[in-house]
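Enquirer: coords-v7.pdb (PDB, C-alpha atoms) pasted underneath:
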```
ATOM      1  CA  MET A   1       0.000   0.000   0.000
ATOM      2  CA  PRO A   2       2.766   2.560   0.732
ATOM      3  CA  LEU A   3       4.070   1.780  -2.764
ATOM      4  CA  VAL A   4       0.716   2.652  -4.326
ATOM      5  CA  LEU A   5       0.268   5.824  -2.269
ATOM      6  CA  ALA A   6       3.795   6.973  -3.101
ATOM      7  CA  SER A   7       3.104   6.347  -6.800
ATOM      8  CA  PHE A   8      -0.072   8.400  -6.613
ATOM      9  CA  ALA A   9       1.740  11.279  -4.865
ATOM     10  CA  CYS A  10       4.517  11.182  -7.473
ATOM     11  CA  GLY A  11       1.961  11.253 -10.294
ATOM     12  CA  LEU A  12       0.293  14.220  -8.628
ATOM     13  CA  VAL A  13       3.560  16.182  -8.316
ATOM     14  CA  PHE A  14       4.554  15.195 -11.866
ATOM     15  CA  GLY A  15       1.190  16.462 -13.142
ATOM     16  CA  ALA A  16       1.503  19.700 -11.138
ATOM     17  CA  GLY A  17       4.935  20.215 -12.704
ATOM     18  CA  LEU A  18       3.535  19.731 -16.201
ATOM     19  CA  LEU A  19       0.719  22.214 -15.482
ATOM     20  CA  ILE A  20       2.983  24.876 -13.919
ATOM     21  CA  SER A  21       5.601  24.548 -16.656
ATOM     22  CA  GLY A  22       2.986  25.172 -19.362
ATOM     23  CA  MET A  23       3.819  21.859 -21.053
ATOM     24  CA  THR A  24       0.172  20.759 -20.979
ATOM     25  CA  GLU A  25      -0.480  23.506 -23.553
ATOM     26  CA  PRO A  26       0.252  22.202 -27.064
ATOM     27  CA  ASP A  27       0.949  25.788 -28.210
ATOM     28  CA  LYS A  28       3.912  26.064 -25.828
ATOM     29  CA  VAL A  29       5.321  22.723 -26.981
ATOM     30  CA  LEU A  30       4.803  23.465 -30.691
ATOM     31  CA  GLY A  31       6.332  26.906 -30.075
ATOM     32  CA  PHE A  32       9.514  25.141 -28.940
ATOM     33  CA  LEU A  33       9.511  22.693 -31.842
ATOM     34  CA  ASP A  34       8.894  25.516 -34.359
ATOM     35  CA  ILE A  35      12.491  26.688 -34.690
ATOM     36  CA  PHE A  36      11.673  28.432 -37.979
ATOM     37  CA  GLY A  37       8.838  30.475 -36.419
ATOM     38  CA  ALA A  38       8.455  32.550 -33.220
ATOM     39  CA  TRP A  39      10.620  30.213 -31.132
ATOM     40  CA  ASP A  40       9.593  29.667 -27.506
ATOM     41  CA  ALA A  41      12.486  28.168 -25.532
ATOM     42  CA  THR A  42      10.405  27.351 -22.434
ATOM     43  CA  LEU A  43      10.582  23.567 -22.965
ATOM     44  CA  ALA A  44      14.381  23.744 -22.667
ATOM     45  CA  PHE A  45      14.019  25.348 -19.227
ATOM     46  CA  VAL A  46      11.567  22.612 -18.202
ATOM     47  CA  MET A  47      14.013  19.914 -19.315
ATOM     48  CA  ALA A  48      16.901  21.644 -17.545
ATOM     49  CA  GLY A  49      14.981  21.914 -14.269
ATOM     50  CA  ALA A  50      13.709  18.345 -14.471
ATOM     51  CA  VAL A  51      17.063  16.780 -15.370
ATOM     52  CA  ALA A  52      18.915  18.797 -12.702
ATOM     53  CA  VAL A  53      16.624  17.693  -9.873
ATOM     54  CA  SER A  54      16.104  14.086 -11.008
ATOM     55  CA  SER A  55      19.843  13.482 -11.547
ATOM     56  CA  VAL A  56      20.474  14.454  -7.909
ATOM     57  CA  GLY A  57      17.662  12.143  -6.801
ATOM     58  CA  PHE A  58      18.935   9.265  -8.968
ATOM     59  CA  ALA A  59      22.479   9.714  -7.592
ATOM     60  CA  LEU A  60      21.014   9.494  -4.089
ATOM     61  CA  ALA A  61      19.088   6.351  -5.053
ATOM     62  CA  GLN A  62      22.232   4.699  -6.386
ATOM     63  CA  ARG A  63      23.903   5.181  -3.001
ATOM     64  CA  ARG A  64      21.066   3.495  -1.134
ATOM     65  CA  ALA A  65      20.705  -0.279  -1.048
ATOM     66  CA  ALA A  66      16.990  -0.334  -1.848
ATOM     67  CA  PRO A  67      14.014   1.976  -2.361
ATOM     68  CA  LEU A  68      11.886   2.737   0.676
ATOM     69  CA  PHE A  69       8.788   0.754  -0.331
ATOM     70  CA  ALA A  70      10.149  -1.948  -2.659
ATOM     71  CA  SER A  71      12.796  -4.636  -2.551
ATOM     72  CA  GLY A  72      14.988  -3.289  -5.334
ATOM     73  CA  TYR A  73      15.511  -0.673  -8.021
ATOM     74  CA  LEU A  74      14.179  -1.430 -11.484
ATOM     75  CA  TRP A  75      16.777   0.594 -13.392
ATOM     76  CA  PRO A  76      16.642   0.134 -17.161
ATOM     77  CA  THR A  77      19.348  -2.343 -18.115
ATOM     78  CA  ARG A  78      19.589  -2.080 -21.899
ATOM     79  CA  ARG A  79      22.509  -0.176 -23.396
ATOM     80  CA  ASP A  80      22.320  -1.100 -27.078
ATOM     81  CA  ILE A  81      21.154   1.390 -29.672
ATOM     82  CA  ASP A  82      19.011  -0.706 -32.011
ATOM     83  CA  ALA A  83      16.690  -0.091 -34.956
ATOM     84  CA  PRO A  84      13.396  -0.223 -32.961
ATOM     85  CA  LEU A  85      14.732   2.483 -30.619
ATOM     86  CA  VAL A  86      15.429   4.830 -33.533
ATOM     87  CA  THR A  87      12.351   3.907 -35.621
ATOM     88  CA  GLY A  88      10.083   4.211 -32.584
ATOM     89  CA  ALA A  89      11.583   7.605 -31.735
ATOM     90  CA  VAL A  90      10.949   8.832 -35.309
ATOM     91  CA  LEU A  91       7.274   7.701 -35.210
ATOM     92  CA  PHE A  92       6.817   9.200 -31.754
ATOM     93  CA  GLY A  93       8.443  12.470 -32.853
ATOM     94  CA  VAL A  94       6.179  12.808 -35.914
ATOM     95  CA  GLY A  95       3.060  12.243 -33.784
ATOM     96  CA  TRP A  96       4.308  14.662 -31.125
ATOM     97  CA  GLY A  97       5.062  17.304 -33.771
ATOM     98  CA  LEU A  98       1.637  16.944 -35.422
ATOM     99  CA  VAL A  99      -0.327  18.135 -32.381
ATOM    100  CA  GLY A 100       2.169  19.011 -29.619
ATOM    101  CA  ILE A 101       1.025  16.406 -27.098
ATOM    102  CA  CYS A 102       2.978  13.539 -25.559
ATOM    103  CA  PRO A 103       1.772  10.909 -23.056
ATOM    104  CA  GLY A 104       2.237  12.855 -19.785
ATOM    105  CA  PRO A 105       0.405  16.024 -20.842
ATOM    106  CA  ALA A 106      -2.218  13.883 -22.623
ATOM    107  CA  LEU A 107      -3.167  12.202 -19.328
ATOM    108  CA  VAL A 108      -3.139  15.478 -17.360
ATOM    109  CA  ASN A 109      -5.318  17.119 -20.018
ATOM    110  CA  LEU A 110      -7.708  14.176 -19.904
ATOM    111  CA  ALA A 111      -9.220  15.726 -16.756
ATOM    112  CA  GLY A 112     -10.769  18.485 -18.903
ATOM    113  CA  LEU A 113     -12.547  15.828 -21.020
ATOM    114  CA  SER A 114     -12.373  17.903 -24.201
ATOM    115  CA  LEU A 115     -13.220  15.814 -27.280
ATOM    116  CA  PRO A 116      -9.829  16.133 -29.063
ATOM    117  CA  ILE A 117      -7.952  15.030 -25.930
ATOM    118  CA  VAL A 118     -10.256  12.039 -25.431
ATOM    119  CA  VAL A 119      -9.702  11.102 -29.095
ATOM    120  CA  PHE A 120      -5.926  11.529 -28.691
ATOM    121  CA  VAL A 121      -5.699   9.374 -25.547
ATOM    122  CA  GLY A 122      -7.953   6.698 -27.071
ATOM    123  CA  ALA A 123      -5.787   6.580 -30.205
ATOM    124  CA  MET A 124      -2.607   6.559 -28.093
ATOM    125  CA  VAL A 125      -3.810   3.529 -26.115
ATOM    126  CA  ILE A 126      -4.780   1.756 -29.353
ATOM    127  CA  GLY A 127      -1.320   2.586 -30.736
ATOM    128  CA  MET A 128       0.334   1.114 -27.632
ATOM    129  CA  LEU A 129      -1.762  -2.043 -27.841
ATOM    130  CA  GLY A 130      -1.129  -2.172 -31.576
ATOM    131  CA  TYR A 131       2.605  -2.274 -30.972
ATOM    132  CA  GLU A 132       2.316  -5.014 -28.362
ATOM    133  CA  PHE A 133       0.591  -7.276 -30.888
ATOM    134  CA  SER A 134       2.407  -6.108 -34.017
ATOM    135  CA  PRO A 135       4.870  -8.062 -36.163
ATOM    136  CA  ALA A 136       7.362  -5.298 -35.238
ATOM    137  CA  ARG A 137       7.407  -6.822 -31.788
ATOM    138  CA  GLY A 138       7.601 -10.318 -33.191
ATOM    139  CA  GLY A 139       3.871 -10.822 -32.939
ATOM    140  CA  THR A 140       4.167 -12.049 -29.370
ATOM    141  CA  SER A 141       1.035 -12.332 -27.331
ATOM    142  CA  VAL A 142       0.590 -10.438 -24.098
ATOM    143  CA  ALA A 143       1.085 -13.663 -22.150
ATOM    144  CA  ALA A 144       4.486 -14.174 -23.751
ATOM    145  CA  VAL A 145       5.793 -10.736 -22.790
ATOM    146  CA  GLU A 146       4.180 -10.736 -19.404
ATOM    147  CA  SER A 147       7.213 -10.487 -17.189
ATOM    148  CA  PRO A 148       6.729  -7.697 -14.657
ATOM    149  CA  ALA A 149      10.479  -7.195 -14.296
ATOM    150  CA  VAL A 150      10.888  -6.722 -18.022
ATOM    151  CA  ALA A 151       7.815  -4.516 -18.273
ATOM    152  CA  SER A 152       9.125  -2.272 -15.524
ATOM    153  CA  ARG A 153      12.600  -2.096 -16.974
ATOM    154  CA  THR A 154      11.710  -0.332 -20.202
ATOM    155  CA  ASP A 155      13.613   2.942 -20.497
ATOM    156  CA  GLY A 156      10.527   4.996 -20.055
TER     157      GLY A 156
ATOM    158  CA  MET B   1       0.988  32.722 -27.633
ATOM    159  CA  HIS B   2       4.688  31.986 -27.776
ATOM    160  CA  ASP B   3       5.983  34.046 -24.889
ATOM    161  CA  LEU B   4       8.981  32.579 -23.127
ATOM    162  CA  THR B   5       8.115  31.683 -19.527
ATOM    163  CA  PRO B   6      11.478  30.537 -18.140
ATOM    164  CA  LEU B   7      10.665  30.766 -14.419
ATOM    165  CA  HIS B   8       7.467  28.743 -14.700
ATOM    166  CA  GLY B   9       9.397  26.342 -16.919
ATOM    167  CA  LEU B  10      12.201  25.892 -14.397
ATOM    168  CA  LEU B  11       9.825  25.567 -11.430
ATOM    169  CA  GLY B  12       7.524  23.119 -13.216
ATOM    170  CA  GLY B  13      10.539  21.224 -14.512
ATOM    171  CA  ALA B  14      11.977  20.992 -11.003
ATOM    172  CA  LEU B  15       8.682  19.497  -9.785
ATOM    173  CA  ILE B  16       8.765  16.952 -12.632
ATOM    174  CA  GLY B  17      12.331  16.073 -11.630
ATOM    175  CA  LEU B  18      11.324  15.848  -7.970
ATOM    176  CA  ALA B  19       8.493  13.446  -8.859
ATOM    177  CA  ALA B  20      10.848  11.288 -10.949
ATOM    178  CA  ALA B  21      13.457  11.237  -8.156
ATOM    179  CA  ALA B  22      10.844  10.435  -5.505
ATOM    180  CA  LEU B  23       9.307   7.620  -7.581
ATOM    181  CA  MET B  24      12.755   5.985  -7.834
ATOM    182  CA  LEU B  25      13.677   6.584  -4.175
ATOM    183  CA  PHE B  26      10.315   5.367  -2.830
ATOM    184  CA  THR B  27       9.255   2.676  -5.287
ATOM    185  CA  GLY B  28      12.350   1.849  -7.368
ATOM    186  CA  ARG B  29      10.388   2.600 -10.550
ATOM    187  CA  LEU B  30      11.316   4.889 -13.434
ATOM    188  CA  ALA B  31       8.941   7.791 -14.153
ATOM    189  CA  GLY B  32       8.414   7.190 -17.853
ATOM    190  CA  VAL B  33       4.774   7.906 -18.620
ATOM    191  CA  SER B  34       4.531   5.810 -21.804
ATOM    192  CA  GLY B  35       6.236   2.886 -20.041
ATOM    193  CA  ILE B  36       3.935   3.150 -17.020
ATOM    194  CA  LEU B  37       0.792   3.381 -19.176
ATOM    195  CA  GLY B  38       1.967   0.771 -21.684
ATOM    196  CA  GLY B  39       2.847  -1.619 -18.864
ATOM    197  CA  LEU B  40      -0.613  -1.081 -17.449
ATOM    198  CA  LEU B  41      -2.059  -2.530 -20.651
ATOM    199  CA  THR B  42       0.168  -5.592 -20.684
ATOM    200  CA  SER B  43       1.635  -6.360 -17.262
ATOM    201  CA  ARG B  44       0.527  -8.883 -14.659
ATOM    202  CA  PRO B  45      -2.238  -7.809 -12.260
ATOM    203  CA  THR B  46       0.304  -7.685  -9.402
ATOM    204  CA  ASP B  47       2.308  -5.027 -11.275
ATOM    205  CA  ARG B  48      -0.713  -2.849 -12.049
ATOM    206  CA  ALA B  49      -1.686  -1.033  -8.834
ATOM    207  CA  TRP B  50       1.291   1.354  -8.717
ATOM    208  CA  ARG B  51       0.841   2.121 -12.426
ATOM    209  CA  ILE B  52      -2.858   2.914 -11.981
ATOM    210  CA  ALA B  53      -1.983   5.095  -8.970
ATOM    211  CA  PHE B  54       0.635   7.091 -10.911
ATOM    212  CA  VAL B  55      -1.752   7.671 -13.840
ATOM    213  CA  ALA B  56      -4.516   8.614 -11.367
ATOM    214  CA  GLY B  57      -2.130  11.152  -9.821
ATOM    215  CA  LEU B  58      -1.485  12.729 -13.219
ATOM    216  CA  VAL B  59      -5.221  13.030 -13.924
ATOM    217  CA  ALA B  60      -5.950  14.230 -10.368
ATOM    218  CA  ALA B  61      -3.445  17.118 -10.515
ATOM    219  CA  PRO B  62      -5.624  19.459 -12.611
ATOM    220  CA  ILE B  63      -8.762  18.326 -10.726
ATOM    221  CA  LEU B  64      -7.202  19.376  -7.395
ATOM    222  CA  ALA B  65      -6.048  22.621  -9.014
ATOM    223  CA  ALA B  66      -9.640  23.167 -10.192
ATOM    224  CA  LEU B  67     -10.909  22.705  -6.627
ATOM    225  CA  ALA B  68      -8.498  25.509  -5.698
ATOM    226  CA  GLY B  69     -10.047  27.724  -8.373
ATOM    227  CA  ALA B  70      -7.959  27.043 -11.494
ATOM    228  CA  PRO B  71      -9.827  26.179 -14.709
ATOM    229  CA  LEU B  72      -9.725  22.555 -15.907
ATOM    230  CA  PRO B  73      -7.323  22.149 -18.814
ATOM    231  CA  ARG B  74      -9.060  22.340 -22.173
ATOM    232  CA  PRO B  75      -6.074  23.070 -24.355
ATOM    233  CA  ALA B  76      -6.218  24.569 -27.822
ATOM    234  CA  ILE B  77      -5.410  21.456 -29.811
ATOM    235  CA  ALA B  78      -5.739  20.769 -33.518
ATOM    236  CA  THR B  79      -9.453  20.576 -34.336
ATOM    237  CA  ASN B  80      -9.092  18.046 -37.163
ATOM    238  CA  LEU B  81      -9.985  14.891 -35.249
ATOM    239  CA  ALA B  82      -8.559  12.577 -37.926
ATOM    240  CA  LEU B  83      -5.206  14.334 -37.531
ATOM    241  CA  VAL B  84      -5.466  14.136 -33.735
ATOM    242  CA  ALA B  85      -6.219  10.400 -33.929
ATOM    243  CA  ALA B  86      -3.300   9.807 -36.309
ATOM    244  CA  ALA B  87      -0.998  11.706 -33.959
ATOM    245  CA  GLY B  88      -2.239   9.687 -30.980
ATOM    246  CA  LEU B  89      -1.650   6.392 -32.809
ATOM    247  CA  LEU B  90       1.896   7.456 -33.739
ATOM    248  CA  VAL B  91       2.671   8.652 -30.205
ATOM    249  CA  GLY B  92       1.352   5.423 -28.668
ATOM    250  CA  PHE B  93       2.952   3.013 -31.146
ATOM    251  CA  GLY B  94       6.236   4.934 -31.416
ATOM    252  CA  SER B  95       6.737   5.416 -27.693
ATOM    253  CA  ARG B  96       6.337   1.685 -27.056
ATOM    254  CA  MET B  97       8.518   0.672 -29.982
ATOM    255  CA  GLY B  98      11.222   3.140 -28.904
ATOM    256  CA  ASN B  99      10.801   2.167 -25.239
ATOM    257  CA  GLY B 100      10.079   5.652 -23.978
ATOM    258  CA  CYS B 101       8.900   9.209 -24.515
ATOM    259  CA  THR B 102       9.742  12.712 -23.329
ATOM    260  CA  SER B 103       9.640  11.685 -19.654
ATOM    261  CA  GLY B 104      11.395   8.301 -19.754
ATOM    262  CA  HIS B 105      14.042   9.130 -22.357
ATOM    263  CA  GLY B 106      14.003  12.933 -22.262
ATOM    264  CA  VAL B 107      14.068  13.509 -18.501
ATOM    265  CA  CYS B 108      15.017  10.271 -16.710
ATOM    266  CA  GLY B 109      17.333   9.026 -19.468
ATOM    267  CA  PHE B 110      19.309  12.267 -19.566
ATOM    268  CA  ALA B 111      19.480  12.300 -15.756
ATOM    269  CA  ARG B 112      20.916   8.751 -15.838
ATOM    270  CA  GLY B 113      23.326   9.653 -18.640
ATOM    271  CA  SER B 114      21.919   6.816 -20.782
ATOM    272  CA  ALA B 115      23.307   6.867 -24.340
ATOM    273  CA  ARG B 116      20.181   4.990 -25.545
ATOM    274  CA  SER B 117      17.893   7.670 -24.155
ATOM    275  CA  ILE B 118      20.028  10.551 -25.424
ATOM    276  CA  VAL B 119      19.959   9.065 -28.948
ATOM    277  CA  ALA B 120      16.170   8.520 -28.720
ATOM    278  CA  THR B 121      15.606  12.084 -27.488
ATOM    279  CA  VAL B 122      17.735  13.656 -30.228
ATOM    280  CA  VAL B 123      15.893  11.543 -32.836
ATOM    281  CA  PHE B 124      12.355  12.290 -31.646
ATOM    282  CA  MET B 125      13.126  15.998 -31.151
ATOM    283  CA  GLY B 126      14.520  16.101 -34.689
ATOM    284  CA  ALA B 127      11.498  14.280 -36.127
ATOM    285  CA  ALA B 128       9.132  16.605 -34.258
ATOM    286  CA  VAL B 129      10.978  19.762 -35.387
ATOM    287  CA  LEU B 130      10.864  18.541 -39.012
ATOM    288  CA  THR B 131       7.146  17.700 -38.707
ATOM    289  CA  VAL B 132       6.319  21.166 -37.349
ATOM    290  CA  ALA B 133       8.452  22.783 -40.066
ATOM    291  CA  ILE B 134       6.549  20.895 -42.777
ATOM    292  CA  VAL B 135       3.092  21.460 -41.250
ATOM    293  CA  ARG B 136       3.594  25.154 -40.455
ATOM    294  CA  HIS B 137       6.009  26.321 -43.131
ATOM    295  CA  GLY B 138       5.546  23.754 -45.882
ATOM    296  CA  PHE B 139       9.238  22.829 -46.124
ATOM    297  CA  GLY B 140       9.710  19.915 -48.445
ATOM    298  CA  GLY B 141       5.969  19.688 -49.009
TER     299      GLY B 141
END
```
Would you kindly transcribe this structure into structure tokens?
Expert:
Amino acid sequence: MPLVLASFACGLVFGAGLLISGMTEPDKVLGFLDIFGAWDATLAFVMAGAVAVSSVGFALAQRRAAPLFASGYLWPTRRDIDAPLVTGAVLFGVGWGLVGICPGPALVNLAGLSLPIVVFVGAMVIGMLGYEFSPARGGTSVAAVESPAVASRTDG
Amino acid sequence: MHDLTPLHGLLGGALIGLAAAALMLFTGRLAGVSGILGGLLTSRPTDRAWRIAFVAGLVAAPILAALAGAPLPRPAIATNLALVAAAGLLVGFGSRMGNGCTSGHGVCGFARGSARSIVATVVFMGAAVLTVAIVRHGFGG
């Protein structure tokens, strides 16, 4: 139970950060990506603040034997740069650039229940499920990839 | 619409970083939103509760802010629903195929100094910049 409560609190703070930073507004995000237009550098400040604080936290975590409410750290273990990583990043980037929304802000914005956001989140979930069952993943069934350790160890 | 808001950016970013650090320190999990949501769709029931709680926290943030008087987020997003759906499909499929999105690769990956995440971030930023250039300025189109 402490694990679940801590997760909820972290999601809450993460969502507050997205709201305060302005990153839940597609216009701010597209303003950053539009380097040939009226460029808005705000997203770079968000990244800088987030990376600065999380790198300190991660360094602290690496000096502790275990997390407070779990038996071990599920750090990502993969180090190889393979084709799915790059292809997936390209597809993700095109989708992100089309409307200026990525998964975090999509879920925060879901609270407003505006039709485009509901459509976006629905399509995003279908896209995620589509990948899980796609030939790109080797056509494996959910049961075959159902290792919690592996699922938790994805990079993000 | 495109005014630079560096202080809000830094403060909000710091909160995002704090949440990512706390999730690792408390639960040992990485704060990658696409990974958490994607895992929710595929993982074992025993691995689901913390994922549901994190997603619930994200959705609850603007609701709590609304109780304090802020408006619920209804962002100005593209009104062409076919385009929105296509973008959502690409974001969902691509983030799972590439094992992460702006939070997992962009924030946590950079903070860990992961070469994989830095490559992914440079690639998806580049693809997004090109997409916006084509959509808004018609380059190459």
Enquirer: I need the residue nearest chain A from this list: B:Thr46, B:Ala128, B:Asn80, B:Ala66. Use all atoms listed in the file for the distance.
Expert: B:Ala128
Enquirer: Rounded to one decimal, what separation in Å do you get between atom CA of Glu132 of chain A and atom CA of Trp75 of chain A?
Expert: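 Separation between atom CA of Glu132 of chain A and atom CA of Trp75 of chain A: 21.6 Å.
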Enquirer: Can you translate the PyMOL selection byres ((chain A and resi 107-122) around 6) into the concrete residues it hits in this file, as a list in words?
Expert: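 Residues picked by the PyMOL selection byres ((chain A and resi 107-122) around 6): Gly104, Pro105, Ala106, Ala123, Met124 and Val125 of chain A; Leu58, Val59, Leu72, Pro73, Arg74, Val84, Ala85 and Gly88 of chain B.
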Enquirer: Written as a ChimeraX atom specification, which residues does the PyMOL selection byres ((chain B and resi 95) around 12) give for the file shown?
Expert: /A:84-96,102-104,124-125,127-132,154-156 /B:32-39,87-94,96-106,117,120-121,124
Enquirer: Measure the distance from atom CA of Gly37 of chain A to atom CA of Val129 of chain B in Å and round it to one decimal.
Expert: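 Atom CA of Gly37 of chain A sits 11.0 Å away from atom CA of Val129 of chain B.
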Enquirer: As an MDAnalysis selection string, please: the residues near segment 17-31 of chain B (cut-off 8 Å, all atoms listed in the file, same-chain neighbours under 5 positions excluded).
Expert: (chainID A and resid 3 6:7 10:11 13:14 49:58 60:61 66:70 72:75 152:153 155:156) or (chainID B and resid 36 103:104 107:108)
Enquirer: One number please: atom CA of Leu18 of chain A to atom CA of Leu15 of chain B, in Å, one decimal.
Expert: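 Taking atom CA of Leu18 of chain A as the start and atom CA of Leu15 of chain B as the end point, the length is 8.2 Å.
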Enquirer: When the PyMOL selection byres ((chain B and resi 136) around 12) is applied to the structure above, which residues does it catch, written out as a list in words?
Expert: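 Evaluating the PyMOL selection byres ((chain B and resi 136) around 12) on this file yields Leu30, Gly31, Leu33, Asp34, Ile35, Phe36, Gly37, Ala38, Gly97, Leu98 and Val99 of chain A; Ala128, Val129, Leu130, Thr131, Val132, Ala133, Ile134, Val135, His137, Gly138, Phe139, Gly140 and Gly141 of chain B.
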Enquirer: Kindly export the residues of the current selection with C-alpha atoms, as a compact mmCIF listing (two decimals), in the frame of the given file.
Expert:
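Dumped everything to selection.txt:
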```
# COMPACT_ATOMS: atom_id res chain seq x y z
CA LEU A 30 4.80 23.46 -30.69
CA GLY A 31 6.33 26.91 -30.08
CA LEU A 33 9.51 22.69 -31.84
CA ASP A 34 8.89 25.52 -34.36
CA ILE A 35 12.49 26.69 -34.69
CA PHE A 36 11.67 28.43 -37.98
CA GLY A 37 8.84 30.48 -36.42
CA ALA A 38 8.46 32.55 -33.22
CA GLY A 97 5.06 17.30 -33.77
CA LEU A 98 1.64 16.94 -35.42
CA VAL A 99 -0.33 18.14 -32.38
CA ALA B 128 9.13 16.60 -34.26
CA VAL B 129 10.98 19.76 -35.39
CA LEU B 130 10.86 18.54 -39.01
CA THR B 131 7.15 17.70 -38.71
CA VAL B 132 6.32 21.17 -37.35
CA ALA B 133 8.45 22.78 -40.07
CA ILE B 134 6.55 20.90 -42.78
CA VAL B 135 3.09 21.46 -41.25
CA HIS B 137 6.01 26.32 -43.13
CA GLY B 138 5.55 23.75 -45.88
CA PHE B 139 9.24 22.83 -46.12
CA GLY B 140 9.71 19.92 -48.44
CA GLY B 141 5.97 19.69 -49.01
```
Enquirer: Give the answer as one residue: which of B:Gly57, B:Leu7, B:Ile118, B:Leu41 has the shortest atom-to-atom distance to chain A, using only C-alpha atoms?
Expert: B:Gly57
